[in-house]
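Asker: What follows is final00.cif, made up of mmCIF, C-alpha atoms:
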```cif
data_data
#
loop_
_atom_site.label_atom_id
_atom_site.label_comp_id
_atom_site.auth_asym_id
_atom_site.auth_seq_id
_atom_site.Cartn_x
_atom_site.Cartn_y
_atom_site.Cartn_z
CA MET A 1 108.49 112.32 -31.22
CA THR A 2 106.12 110.63 -33.52
CA ASN A 3 106.28 111.92 -37.09
CA SER A 4 110.02 112.41 -37.14
CA ILE A 5 112.68 110.96 -39.39
CA HIS A 6 113.12 107.73 -37.41
CA ASP A 7 109.74 106.46 -38.69
CA MET A 8 111.14 105.15 -41.97
CA GLY A 9 108.85 102.32 -43.00
CA GLY A 10 107.83 102.72 -46.66
CA MET A 11 110.09 105.65 -47.51
CA HIS A 12 111.87 105.63 -50.86
CA GLY A 13 115.28 106.89 -51.83
CA PHE A 14 117.66 105.29 -49.35
CA GLY A 15 119.09 102.94 -51.96
CA HIS A 16 120.11 99.32 -51.73
CA VAL A 17 120.84 97.41 -48.57
CA GLU A 18 124.56 96.77 -48.35
CA PRO A 19 125.52 93.65 -46.41
CA GLU A 20 129.08 93.62 -45.09
CA PRO A 21 130.69 90.17 -45.09
CA GLY A 22 132.60 89.43 -41.91
CA GLU A 23 131.29 92.50 -40.15
CA PRO A 24 132.91 93.04 -36.71
CA PRO A 25 130.76 93.77 -33.61
CA PHE A 26 132.19 97.30 -33.56
CA HIS A 27 133.93 99.18 -36.35
CA GLN A 28 135.60 101.65 -33.99
CA ARG A 29 136.64 101.31 -30.37
CA TRP A 30 134.42 104.23 -29.36
CA GLU A 31 131.31 102.44 -30.60
CA GLY A 32 131.72 99.76 -27.95
CA ARG A 33 132.22 102.39 -25.27
CA VAL A 34 129.01 104.16 -26.36
CA LEU A 35 127.05 100.91 -26.23
CA ALA A 36 128.45 100.17 -22.77
CA MET A 37 127.78 103.68 -21.44
CA GLN A 38 124.25 103.56 -22.82
CA ARG A 39 123.57 100.26 -21.09
CA ALA A 40 125.25 101.29 -17.84
CA MET A 41 123.25 104.54 -17.69
CA GLY A 42 120.08 102.62 -18.59
CA PHE A 43 120.73 100.41 -15.55
CA THR A 44 120.57 103.45 -13.22
CA ARG A 45 116.77 103.65 -13.67
CA LEU A 46 117.04 107.35 -14.48
CA TRP A 47 115.06 106.72 -17.64
CA THR A 48 113.24 103.94 -19.44
CA ILE A 49 114.22 102.27 -22.70
CA ASP A 50 111.42 104.21 -24.36
CA ALA A 51 112.79 107.50 -23.07
CA GLY A 52 116.07 106.47 -24.65
CA ARG A 53 114.34 105.86 -27.97
CA ALA A 54 112.52 109.19 -27.67
CA ALA A 55 115.87 110.95 -27.21
CA LEU A 56 117.06 109.56 -30.55
CA GLU A 57 113.79 110.54 -32.23
CA ALA A 58 114.25 114.09 -30.94
CA LEU A 59 117.53 114.54 -32.81
CA PRO A 60 117.23 117.04 -35.67
CA PRO A 61 116.53 115.08 -38.87
CA LEU A 62 119.80 116.04 -40.53
CA ASP A 63 121.76 114.94 -37.47
CA TYR A 64 119.80 111.68 -37.39
CA LEU A 65 120.39 110.89 -41.05
CA GLY A 66 123.94 112.19 -41.08
CA SER A 67 125.10 110.17 -38.10
CA SER A 68 126.15 106.57 -37.82
CA TYR A 69 124.08 104.42 -35.50
CA TYR A 70 126.40 104.71 -32.53
CA ARG A 71 126.92 108.43 -33.10
CA ARG A 72 123.16 108.83 -32.79
CA TRP A 73 123.25 106.90 -29.55
CA PHE A 74 126.07 109.10 -28.30
CA LEU A 75 124.24 112.31 -29.20
CA GLY A 76 121.03 111.04 -27.59
CA LEU A 77 122.88 110.06 -24.40
CA GLU A 78 124.79 113.34 -24.19
CA ASN A 79 121.58 115.34 -24.73
CA ARG A 80 119.73 113.42 -22.03
CA LEU A 81 122.56 113.86 -19.52
CA LEU A 82 122.61 117.60 -20.22
CA GLN A 83 118.83 117.97 -20.04
CA ARG A 84 118.67 116.16 -16.71
CA GLY A 85 121.49 118.26 -15.27
CA LEU A 86 123.63 115.18 -14.68
CA VAL A 87 126.43 116.67 -16.75
CA ALA A 88 126.91 120.35 -17.59
CA ALA A 89 127.87 121.92 -20.89
CA ASP A 90 131.08 123.37 -19.44
CA GLU A 91 132.10 119.87 -18.43
CA ILE A 92 131.48 118.54 -21.93
CA ALA A 93 133.59 121.41 -23.28
CA ALA A 94 136.34 120.76 -20.74
CA GLY A 95 136.30 117.00 -21.27
CA ARG A 96 136.30 116.39 -17.52
CA SER A 97 134.09 116.64 -14.47
CA LEU A 98 134.08 120.09 -12.82
CA ARG A 99 131.77 119.31 -9.90
CA PRO A 100 130.58 116.28 -7.93
CA GLY A 101 128.07 113.93 -9.50
CA ALA A 102 124.43 113.61 -8.48
CA ALA A 103 123.25 110.65 -6.42
CA LEU A 104 121.77 108.00 -8.73
CA PRO A 105 119.14 105.37 -7.84
CA ARG A 106 121.75 102.71 -8.57
CA THR A 107 124.85 102.21 -10.70
CA LEU A 108 126.09 99.21 -12.64
CA SER A 109 128.94 97.31 -11.00
CA GLU A 110 131.15 94.87 -12.82
CA ALA A 111 129.56 92.04 -10.84
CA ASP A 112 126.08 93.02 -12.03
CA VAL A 113 126.93 93.12 -15.73
CA GLU A 114 126.08 89.48 -16.29
CA LYS A 115 122.48 89.83 -15.20
CA THR A 116 121.97 92.78 -17.57
CA LEU A 117 122.77 90.44 -20.47
CA THR A 118 119.31 88.88 -20.22
CA ARG A 119 116.49 91.10 -21.40
CA GLY A 120 114.01 92.46 -18.92
CA ASP A 121 110.36 91.50 -18.67
CA PHE A 122 107.95 94.08 -20.06
CA ALA A 123 104.80 92.14 -19.15
CA ARG A 124 102.67 93.54 -16.34
CA PRO A 125 99.64 92.29 -14.43
CA THR A 126 96.21 93.63 -15.23
CA ASN A 127 92.58 93.21 -14.19
CA THR A 128 91.28 94.44 -17.52
CA PRO A 129 90.22 91.84 -20.09
CA ALA A 130 91.57 92.06 -23.63
CA CYS A 131 89.26 93.84 -26.10
CA PHE A 132 90.34 91.66 -29.02
CA GLU A 133 91.09 88.05 -29.78
CA PRO A 134 92.81 86.31 -32.69
CA GLY A 135 90.80 86.63 -35.89
CA ASP A 136 89.21 89.95 -34.93
CA ARG A 137 89.25 92.67 -37.56
CA VAL A 138 90.70 95.92 -36.26
CA ARG A 139 91.41 99.36 -37.62
CA THR A 140 94.46 101.26 -36.41
CA ARG A 141 93.75 104.74 -35.17
CA ASN A 142 95.03 107.80 -36.96
CA LEU A 143 97.20 108.96 -34.06
CA ASN A 144 99.72 111.76 -34.43
CA PRO A 145 100.93 112.60 -30.93
CA ALA A 146 103.84 115.02 -30.72
CA THR A 147 105.38 112.58 -28.24
CA HIS A 148 106.73 109.03 -28.50
CA THR A 149 104.59 106.28 -30.00
CA ARG A 150 105.23 102.86 -31.53
CA LEU A 151 102.49 102.96 -34.10
CA PRO A 152 104.36 103.58 -37.36
CA ARG A 153 102.95 106.07 -39.83
CA TYR A 154 102.55 103.53 -42.60
CA ALA A 155 100.16 101.50 -40.44
CA ARG A 156 97.83 104.25 -39.23
CA GLY A 157 94.19 104.19 -40.26
CA LYS A 158 94.60 100.70 -41.76
CA THR A 159 92.44 97.61 -41.40
CA GLY A 160 94.06 94.38 -40.34
CA THR A 161 93.51 91.17 -38.42
CA VAL A 162 94.55 90.32 -34.89
CA GLU A 163 96.79 87.28 -35.17
CA ALA A 164 98.05 86.86 -31.60
CA VAL A 165 97.54 88.30 -28.15
CA ARG A 166 100.93 88.94 -26.56
CA GLY A 167 99.78 89.79 -23.06
CA VAL A 168 99.86 93.09 -21.20
CA HIS A 169 103.01 95.14 -21.62
CA VAL A 170 104.48 98.46 -20.52
CA PHE A 171 102.98 101.15 -22.75
CA PRO A 172 105.84 102.93 -24.55
CA ASP A 173 103.82 106.08 -25.20
CA THR A 174 103.61 106.89 -21.48
CA ALA A 175 106.80 105.19 -20.33
CA ALA A 176 108.80 107.44 -22.65
CA LEU A 177 107.35 110.51 -20.93
CA GLY A 178 108.10 109.33 -17.42
CA ALA A 179 104.33 108.96 -17.00
CA GLY A 180 104.49 105.37 -15.83
CA ASP A 181 104.05 101.92 -17.29
CA GLN A 182 100.27 102.24 -17.80
CA PRO A 183 100.25 98.63 -19.09
CA GLN A 184 98.19 97.82 -22.17
CA TRP A 185 97.20 94.69 -24.06
CA LEU A 186 99.55 94.02 -26.94
CA TYR A 187 98.60 92.26 -30.18
CA ALA A 188 100.21 91.09 -33.39
CA VAL A 189 98.13 92.71 -36.14
CA VAL A 190 98.69 91.62 -39.72
CA PHE A 191 97.88 93.58 -42.87
CA PRO A 192 97.94 92.60 -46.53
CA ALA A 193 100.54 94.66 -48.40
CA ARG A 194 97.68 95.99 -50.55
CA GLU A 195 96.00 97.53 -47.49
CA LEU A 196 99.17 99.43 -46.66
CA TRP A 197 100.58 100.21 -50.09
CA GLY A 198 97.69 100.06 -52.52
CA GLU A 199 96.34 97.80 -55.23
CA ALA A 200 99.64 97.54 -57.08
CA ALA A 201 101.25 95.81 -54.11
CA ASP A 202 102.22 92.13 -54.25
CA PRO A 203 99.24 90.01 -53.08
CA ALA A 204 101.63 87.42 -51.63
CA ILE A 205 103.04 89.84 -49.04
CA THR A 206 101.72 90.54 -45.56
CA ILE A 207 103.16 92.83 -42.90
CA SER A 208 102.53 92.72 -39.18
CA ILE A 209 103.09 95.21 -36.40
CA GLU A 210 102.97 94.72 -32.67
CA ALA A 211 100.11 97.02 -31.69
CA PHE A 212 99.03 98.20 -28.25
CA GLU A 213 95.31 98.28 -27.59
CA PRO A 214 95.08 102.10 -27.51
CA TYR A 215 96.23 102.03 -31.15
CA LEU A 216 93.21 99.94 -32.23
CA ASP A 217 89.48 100.17 -32.86
CA PRO A 218 87.16 97.34 -33.89
CA ALA A 219 86.71 97.26 -37.66
CA MET B 1 139.36 94.89 -29.53
CA PRO B 2 142.69 96.60 -30.21
CA ASP B 3 142.55 100.33 -30.54
CA ASP B 4 143.79 100.19 -34.10
CA HIS B 5 141.10 102.30 -35.71
CA ALA B 6 141.52 105.47 -33.72
CA HIS B 7 143.94 107.73 -35.51
CA PRO B 8 143.09 111.28 -34.46
CA ASN B 9 146.05 112.71 -36.34
CA ASP B 10 145.79 110.60 -39.44
CA PRO B 11 144.26 112.63 -42.28
CA MET B 12 143.37 109.43 -44.11
CA HIS B 13 140.71 108.73 -41.51
CA GLY B 14 137.43 110.64 -41.49
CA SER B 15 137.11 113.62 -39.22
CA GLU B 16 133.97 112.13 -37.64
CA LEU B 17 135.96 109.15 -36.45
CA SER B 18 138.61 111.15 -34.68
CA GLU B 19 136.05 113.64 -33.42
CA MET B 20 133.92 110.82 -32.06
CA ASP B 21 136.84 109.10 -30.41
CA ILE B 22 137.68 112.30 -28.56
CA ARG B 23 134.10 113.10 -27.61
CA VAL B 24 133.35 109.58 -26.37
CA ARG B 25 136.51 109.45 -24.30
CA ALA B 26 135.62 112.82 -22.79
CA LEU B 27 132.11 111.74 -21.87
CA GLU B 28 133.36 108.49 -20.36
CA THR B 29 135.89 110.43 -18.30
CA ILE B 30 133.15 112.71 -16.98
CA LEU B 31 130.78 109.84 -16.16
CA VAL B 32 133.53 107.90 -14.38
CA ASP B 33 134.68 110.99 -12.45
CA LYS B 34 131.13 111.58 -11.27
CA GLY B 35 130.69 107.98 -10.21
CA TYR B 36 127.91 107.31 -12.71
CA VAL B 37 129.66 104.47 -14.49
CA ASP B 38 132.35 101.97 -13.52
CA PRO B 39 134.90 101.56 -16.32
CA ALA B 40 135.39 97.92 -15.37
CA ALA B 41 131.67 97.33 -15.95
CA LEU B 42 131.96 99.03 -19.35
CA ASP B 43 134.90 96.76 -20.21
CA ARG B 44 132.83 93.70 -19.28
CA LEU B 45 129.91 94.82 -21.41
CA VAL B 46 132.11 95.40 -24.47
CA GLU B 47 133.85 92.08 -23.93
CA ALA B 48 130.53 90.24 -23.72
CA PHE B 49 129.32 91.64 -27.02
CA GLU B 50 132.65 91.15 -28.75
CA THR B 51 133.28 87.61 -27.66
CA ARG B 52 130.30 85.81 -26.15
CA ILE B 53 126.96 87.01 -27.51
CA GLY B 54 126.48 86.22 -31.17
CA PRO B 55 124.56 84.26 -33.79
CA HIS B 56 126.13 80.98 -32.66
CA LEU B 57 123.59 81.09 -29.81
CA GLY B 58 120.65 81.34 -32.18
CA ALA B 59 122.18 78.68 -34.42
CA ARG B 60 122.13 76.22 -31.51
CA ILE B 61 118.43 76.88 -31.01
CA VAL B 62 117.66 76.36 -34.69
CA ALA B 63 119.74 73.19 -34.86
CA ARG B 64 117.94 71.77 -31.83
CA ALA B 65 114.59 72.56 -33.43
CA TRP B 66 115.65 70.80 -36.63
CA ALA B 67 116.82 67.74 -34.74
CA ASP B 68 114.08 67.53 -32.11
CA PRO B 69 110.43 67.90 -33.19
CA GLU B 70 109.21 68.23 -29.59
CA PHE B 71 111.64 71.09 -28.94
CA LYS B 72 110.53 72.72 -32.18
CA ARG B 73 106.89 72.49 -31.13
CA ARG B 74 107.69 74.14 -27.80
CA LEU B 75 109.91 76.75 -29.46
CA LEU B 76 107.13 77.86 -31.77
CA ALA B 77 104.65 77.92 -28.87
CA ASP B 78 106.86 79.93 -26.45
CA ALA B 79 110.45 80.46 -27.50
CA THR B 80 111.60 81.99 -24.21
CA GLU B 81 110.27 79.08 -22.19
CA ALA B 82 111.58 76.49 -24.64
CA VAL B 83 115.12 77.92 -24.70
CA ASN B 84 115.33 78.43 -20.94
CA SER B 85 114.25 74.89 -20.15
CA ALA B 86 116.31 73.20 -22.87
CA GLY B 87 119.68 73.00 -21.16
CA HIS B 88 123.06 73.82 -22.75
CA MET B 89 121.68 77.11 -24.04
CA SER B 90 122.25 80.66 -22.83
CA PRO B 91 119.17 81.92 -20.99
CA VAL B 92 117.03 84.47 -22.80
CA GLY B 93 114.70 87.10 -21.42
CA SER B 94 111.00 87.43 -22.00
CA HIS B 95 109.09 87.83 -25.21
CA LEU B 96 111.26 85.86 -27.65
CA ILE B 97 109.11 84.58 -30.52
CA ALA B 98 110.23 82.04 -33.12
CA VAL B 99 108.58 82.12 -36.54
CA GLU B 100 108.93 79.20 -38.91
CA ASN B 101 109.83 79.38 -42.56
CA THR B 102 108.11 76.79 -44.75
CA PRO B 103 108.09 76.20 -48.51
CA ALA B 104 104.88 78.28 -48.56
CA THR B 105 105.87 81.19 -46.29
CA HIS B 106 109.10 83.11 -45.79
CA ASN B 107 109.49 85.38 -42.75
CA LEU B 108 111.51 88.59 -42.65
CA ILE B 109 112.26 90.62 -39.51
CA VAL B 110 112.73 94.39 -39.39
CA CYS B 111 112.45 97.28 -36.97
CA THR B 112 111.30 100.30 -38.97
CA LEU B 113 111.30 102.64 -35.96
CA CYS B 114 114.73 101.92 -34.49
CA SER B 115 116.86 98.78 -34.29
CA CYS B 116 114.98 96.20 -32.19
CA TYR B 117 116.73 92.88 -32.68
CA PRO B 118 116.98 89.61 -30.74
CA TRP B 119 120.51 90.44 -29.56
CA GLU B 120 120.45 87.76 -26.86
CA VAL B 121 120.47 85.08 -29.55
CA LEU B 122 122.01 86.89 -32.55
CA GLY B 123 124.41 89.39 -30.97
CA LEU B 124 124.52 93.02 -32.02
CA PRO B 125 122.60 93.88 -35.17
CA PRO B 126 124.71 94.39 -38.30
CA VAL B 127 124.99 97.91 -39.70
CA TRP B 128 122.68 97.07 -42.60
CA TYR B 129 119.87 96.03 -40.22
CA LYS B 130 120.02 99.51 -38.67
CA SER B 131 120.36 101.30 -42.00
CA ALA B 132 117.72 103.58 -43.49
CA ALA B 133 117.77 101.46 -46.65
CA TYR B 134 116.69 98.31 -44.81
CA ARG B 135 114.29 99.93 -42.37
CA SER B 136 112.49 101.87 -45.10
CA ARG B 137 112.26 99.15 -47.74
CA ALA B 138 111.68 95.91 -45.84
CA VAL B 139 107.99 96.68 -45.33
CA ILE B 140 107.19 98.08 -48.78
CA ASP B 141 109.53 96.06 -51.00
CA PRO B 142 110.68 92.93 -49.17
CA ARG B 143 111.41 91.08 -52.42
CA GLY B 144 113.71 93.92 -53.46
CA VAL B 145 115.49 93.74 -50.12
CA LEU B 146 115.92 89.99 -50.46
CA ALA B 147 117.37 90.56 -53.93
CA ASP B 148 119.99 92.83 -52.35
CA PHE B 149 121.06 89.71 -50.44
CA GLY B 150 121.06 87.61 -53.60
CA LEU B 151 117.89 85.82 -52.54
CA THR B 152 115.03 85.39 -55.01
CA LEU B 153 112.01 83.43 -53.85
CA PRO B 154 109.29 82.03 -56.11
CA SER B 155 106.58 84.63 -56.71
CA GLU B 156 104.01 82.32 -55.15
CA THR B 157 105.98 82.12 -51.90
CA GLN B 158 104.15 84.20 -49.30
CA ILE B 159 106.37 86.75 -47.61
CA ARG B 160 105.54 87.79 -44.07
CA VAL B 161 107.32 90.86 -42.74
CA TRP B 162 107.41 91.32 -38.96
CA ASP B 163 107.93 94.92 -37.83
CA SER B 164 109.36 94.80 -34.28
CA THR B 165 107.35 97.70 -32.91
CA ALA B 166 107.19 96.47 -29.28
CA GLU B 167 109.42 94.50 -26.89
CA THR B 168 108.63 91.20 -28.56
CA ARG B 169 111.71 89.89 -30.41
CA PHE B 170 111.65 87.61 -33.41
CA LEU B 171 113.88 84.73 -34.46
CA VAL B 172 113.30 83.11 -37.83
CA LEU B 173 113.45 79.32 -37.86
CA PRO B 174 114.83 78.66 -41.36
CA ILE B 175 114.08 75.58 -43.43
CA CYS B 176 116.47 72.72 -42.77
CA PRO B 177 118.39 72.22 -46.02
CA ALA B 178 118.04 68.99 -47.92
CA GLY B 179 120.87 66.59 -47.36
CA ALA B 180 121.29 67.33 -43.66
CA GLU B 181 118.81 64.80 -42.40
CA GLY B 182 120.05 62.85 -39.42
CA TRP B 183 122.94 65.21 -38.74
CA SER B 184 124.02 65.98 -35.19
CA GLU B 185 122.97 69.30 -33.68
CA GLU B 186 126.57 70.48 -33.82
CA ARG B 187 126.84 69.83 -37.54
CA LEU B 188 123.41 71.33 -38.18
CA ALA B 189 124.31 74.50 -36.27
CA ALA B 190 127.16 75.11 -38.71
CA LEU B 191 124.59 75.45 -41.50
CA VAL B 192 122.63 78.18 -39.71
CA THR B 193 123.69 81.62 -40.87
CA ARG B 194 122.84 84.82 -39.02
CA ASP B 195 120.94 86.13 -42.01
CA SER B 196 118.84 82.96 -42.19
CA MET B 197 117.60 83.78 -38.67
CA ILE B 198 116.63 87.33 -39.74
CA GLY B 199 115.06 86.16 -42.99
CA THR B 200 117.48 87.86 -45.38
CA GLY B 201 119.08 84.54 -46.19
CA LEU B 202 118.60 80.79 -46.15
CA ALA B 203 120.50 78.17 -44.19
CA ASP B 204 123.61 76.95 -45.98
CA ALA B 205 123.31 73.78 -48.01
CA PRO B 206 125.41 70.94 -46.60
CA HIS B 207 127.97 71.18 -49.40
CA GLU B 208 128.59 74.86 -48.62
CA THR B 209 130.26 74.10 -45.30
CA VAL B 210 133.30 72.10 -44.42
CA PRO B 211 132.19 68.61 -43.30
CA ALA B 212 132.47 68.19 -39.55
#
```
If you convert what's in this file into structure tokens, what do you get?
Answerer:
Amino acid sequence: MTNSIHDMGGMHGFGHVEPEPGEPPFHQRWEGRVLAMQRAMGFTRLWTIDAGRAALEALPPLDYLGSSYYRRWFLGLENRLLQRGLVAADEIAAGRSLRPGAALPRTLSEADVEKTLTRGDFARPTNTPACFEPGDRVRTRNLNPATHTRLPRYARGKTGTVEAVRGVHVFPDTAALGAGDQPQWLYAVVFPARELWGEAADPAITISIEAFEPYLDPA
Amino acid sequence: MPDDHAHPNDPMHGSELSEMDIRVRALETILVDKGYVDPAALDRLVEAFETRIGPHLGARIVARAWADPEFKRRLLADATEAVNSAGHMSPVGSHLIAVENTPATHNLIVCTLCSCYPWEVLGLPPVWYKSAAYRSRAVIDPRGVLADFGLTLPSETQIRVWDSTAETRFLVLPICPAGAEGWSEERLAALVTRDSMIGTGLADAPHETVPA
């Protein structure tokens, strides 16, 4: 979802950042298991990384805010498994499998773990030239789709400058819906803080987003 | 990691913790029974993130960049290519971007929409990086966020905030502290803190670490 609680940039009221000296990778054993299950199920190709993000964004706001990070992941994973019919509610209630599993495109073996520890490549070929080049002035569109997007609210309808062309990447807005990669040119677009937050903002601060071409118009 | 935090019957521990332990175990049991996941693969994943993938990997990259101007030039041009062709470094996937701190400009990395983080070179993100406080404030009040880390920069220092809204991943190349000139890469790497590679801190000064 787009205008849901996950889109936090610029909100007030969440207090100070609290660094934790000597923080362990996981605070509870179950957190590691959730991370591993998430990655193993991601490997099956049943859904894309963007569909995974969309599942977290679809959590009710109070669940999202009231849950630790890995609890959110767990809830998102459980919801997706239920929605896809891969696990049934009576099985969740029973805490065990009550019927055979579905056939998956592939599953993650111990031997394959190592190769999942290098990130995938999201670049895709294209025949379409880029609309923008570094130095171009662009205005972000005022997009409010009810589905997944990576254009944050604070940067909609704002004028900035293209700083870099990243290449052509999988488009999260369609990939999250299972509607395919539909690759799009990706740019780094930089804004003065005053463009985003008003005249009182610090003139020495700039903020950039990574913006897909369908988010942008010439300015 | 020893299972020393799961105390389902201990009232001193929060109910969410015991509830989550039970729910996660149940889901894992179901997924294993159905053949969706291999518990040995899960063990390997947890082990990798607990023991092998961490900020020491990023620190090696930064130290090399400090010691070797040609590597630094290549790192800033294409970090993925530079790291993968450097030797003695863990390979990284596509779209890694290094951004250089200078006396004039300080870089700060955030993901306002979720928790995107260069985990291949820094390990798992700390809880604060994923917190609402950091995600909400980094883009509107970066100086306030830096103050939460005890870091105050001169008001004339430009601050550049990078919101990780796509699959590009950012690694800050901190300023090499004075007094470390001519040091070996190994000694330099010991000065590179995780937070200095996110932008919420600076590299340690040489006197802050035990001499190698």
Asker: Under the PyMOL selection byres ((chain B and resi 177-190) around 6), which residues of this model are included? Write them out as a list in words.
Answerer: Ala59, Arg60, Ala63, Arg64, Cys176, Leu191, Val192 and Ala205 of chain B
Asker: Hey, can you spit out that residue selection with C-alpha atoms as a tab-separated table (two decimals), in the frame of the given file?
Answerer:
```tsv
chain	number	residue	atom	x	y	z
B	59	ALA	CA	122.18	78.68	-34.42
B	60	ARG	CA	122.13	76.22	-31.51
B	63	ALA	CA	119.74	73.19	-34.86
B	64	ARG	CA	117.94	71.77	-31.83
B	176	CYS	CA	116.47	72.72	-42.77
B	191	LEU	CA	124.59	75.45	-41.50
B	192	VAL	CA	122.63	78.18	-39.71
B	205	ALA	CA	123.31	73.78	-48.01
```
Asker: Could you tell me, as a PyMOL selection string, exactly which residues end up selected when the PyMOL selection byres ((chain A and resi 35-49) around 6) is applied to this structure?
Answerer: (chain A and resi 32-34+50-52+105-108) or (chain B and resi 42+45)
Asker: Set the distance at 7 Å and use all atoms listed in the file: which residues neighbour range 70-80 of chain B once local chain neighbours fewer than 6 positions away are removed? I'd like the list as a PyMOL selection string.
Answerer: chain B and resi 64+92-99
Asker: Considering all atoms listed in the file, can you say which of B:Asp163, B:Pro55, B:Ile61, B:Val37 comes closest to Arg150 in chain A?
Answerer: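 Closest to Arg150 in chain A of all the choices is B:Asp163.
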Asker: Would you be able to write out as an MDAnalysis selection string which residues have an atom within 10 Å of (111.9, 107.1, -46.0) in the file's coordinates, counting all atoms listed in the file?
Answerer: (chainID A and resid 5:14) or (chainID B and resid 112 132:133 135:137)
Asker: Out of A:Val162, A:Ala200, A:Ile205, A:Ala55, which residue has the shortest atom-to-atom distance to chain B when counting only C-alpha atoms?
Answerer: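 Closest to chain B, using only C-alpha atoms: A:Ile205.
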Asker: Between A:Leu56, A:Ala111, A:Leu65, A:Leu86, which is the closest to Arg99 in chain A once you count only C-alpha atoms?
Answerer: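 Looking only at the distances to Arg99 in chain A, the closest residue turns out to be A:Leu86.
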Asker: Please evaluate the PyMOL selection byres ((chain B and resi 41) around 7) against the structure above and give the resulting residues as a list in words.
Answerer: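 Output of the PyMOL selection byres ((chain B and resi 41) around 7): Leu108, Ser109, Glu110 and Val113 of chain A; Asp38, Pro39, Ala40, Leu42, Asp43, Arg44 and Leu45 of chain B.
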Asker: Restricted to C-alpha atoms, what would the selected residues look like written as a PDB file, in the coordinates of the input?
Answerer:
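Result saved to selection-v1.pdb:
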```pdb
ATOM      1  CA  LEU A 108     126.090  99.210 -12.640  1.00  0.00           C
ATOM      2  CA  SER A 109     128.940  97.310 -11.000  1.00  0.00           C
ATOM      3  CA  GLU A 110     131.150  94.870 -12.820  1.00  0.00           C
ATOM      4  CA  VAL A 113     126.930  93.120 -15.730  1.00  0.00           C
TER       5      VAL A 113
ATOM      6  CA  ASP B  38     132.350 101.970 -13.520  1.00  0.00           C
ATOM      7  CA  PRO B  39     134.900 101.560 -16.320  1.00  0.00           C
ATOM      8  CA  ALA B  40     135.390  97.920 -15.370  1.00  0.00           C
ATOM      9  CA  LEU B  42     131.960  99.030 -19.350  1.00  0.00           C
ATOM     10  CA  ASP B  43     134.900  96.760 -20.210  1.00  0.00           C
ATOM     11  CA  ARG B  44     132.830  93.700 -19.280  1.00  0.00           C
ATOM     12  CA  LEU B  45     129.910  94.820 -21.410  1.00  0.00           C
TER      13      LEU B  45
END
```
Asker: Record the distance separating CA of Cys131 in chain A and CA of Thr149 in chain A, expressed in Å with one decimal.
Answerer: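 A separation of 20.1 Å between them.
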Asker: For range 208-219 of chain A, work out the shell of residues within 8 Å, counting all atoms listed in the file and skipping chain neighbours fewer than 3 positions away, then give it as a list of chain:residue names.
Answerer: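 Everything that qualifies: A:Cys131, A:Asp136, A:Arg137, A:Val138, A:Arg139, A:Thr140, A:Arg141, A:Leu143, A:Arg150, A:Leu151, A:Thr159, A:Phe171, A:Gln184, A:Trp185, A:Leu186, A:Tyr187, A:Ala188, A:Val189, A:Val190, A:Phe191, B:Arg160, B:Val161, B:Trp162, B:Asp163, B:Ser164, B:Thr165, B:Ala166, B:Thr168.
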Asker: Restricting the calculation to only C-alpha atoms: of B:His56, B:Arg143, B:His207, B:Lys34, which residue gets closest to chain A?
Answerer: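 That would be B:Lys34, the residue with the smallest distance to chain A.
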Asker: For range 24-33 of chain B, which lacks atoms in the input, supply N, CA and C atoms and format the output as a PDB file, in the coordinates of the input.
Answerer:
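See out37.pdb below for the written result:
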```pdb
ATOM      1  N   VAL B  24     133.780 110.730 -27.182  1.00  0.00           N
ATOM      2  CA  VAL B  24     133.350 109.580 -26.370  1.00  0.00           C
ATOM      3  C   VAL B  24     134.284 109.397 -25.176  1.00  0.00           C
ATOM      4  N   ARG B  25     135.567 109.554 -25.425  1.00  0.00           N
ATOM      5  CA  ARG B  25     136.510 109.450 -24.300  1.00  0.00           C
ATOM      6  C   ARG B  25     136.214 110.520 -23.261  1.00  0.00           C
ATOM      7  N   ALA B  26     135.909 111.718 -23.728  1.00  0.00           N
ATOM      8  CA  ALA B  26     135.620 112.820 -22.790  1.00  0.00           C
ATOM      9  C   ALA B  26     134.386 112.500 -21.963  1.00  0.00           C
ATOM     10  N   LEU B  27     133.348 112.025 -22.622  1.00  0.00           N
ATOM     11  CA  LEU B  27     132.110 111.740 -21.870  1.00  0.00           C
ATOM     12  C   LEU B  27     132.348 110.604 -20.871  1.00  0.00           C
ATOM     13  N   GLU B  28     133.087 109.587 -21.298  1.00  0.00           N
ATOM     14  CA  GLU B  28     133.360 108.490 -20.360  1.00  0.00           C
ATOM     15  C   GLU B  28     134.136 109.000 -19.151  1.00  0.00           C
ATOM     16  N   THR B  29     135.113 109.866 -19.401  1.00  0.00           N
ATOM     17  CA  THR B  29     135.890 110.430 -18.300  1.00  0.00           C
ATOM     18  C   THR B  29     134.981 111.165 -17.316  1.00  0.00           C
ATOM     19  N   ILE B  30     134.061 111.946 -17.843  1.00  0.00           N
ATOM     20  CA  ILE B  30     133.150 112.710 -16.980  1.00  0.00           C
ATOM     21  C   ILE B  30     132.259 111.759 -16.175  1.00  0.00           C
ATOM     22  N   LEU B  31     131.700 110.756 -16.851  1.00  0.00           N
ATOM     23  CA  LEU B  31     130.780 109.840 -16.160  1.00  0.00           C
ATOM     24  C   LEU B  31     131.505 109.022 -15.096  1.00  0.00           C
ATOM     25  N   VAL B  32     132.751 108.654 -15.381  1.00  0.00           N
ATOM     26  CA  VAL B  32     133.530 107.900 -14.380  1.00  0.00           C
ATOM     27  C   VAL B  32     133.875 108.816 -13.210  1.00  0.00           C
ATOM     28  N   ASP B  33     134.326 110.038 -13.517  1.00  0.00           N
ATOM     29  CA  ASP B  33     134.680 110.990 -12.450  1.00  0.00           C
ATOM     30  C   ASP B  33     133.490 111.234 -11.516  1.00  0.00           C
TER      31      ASP B  33
END
```
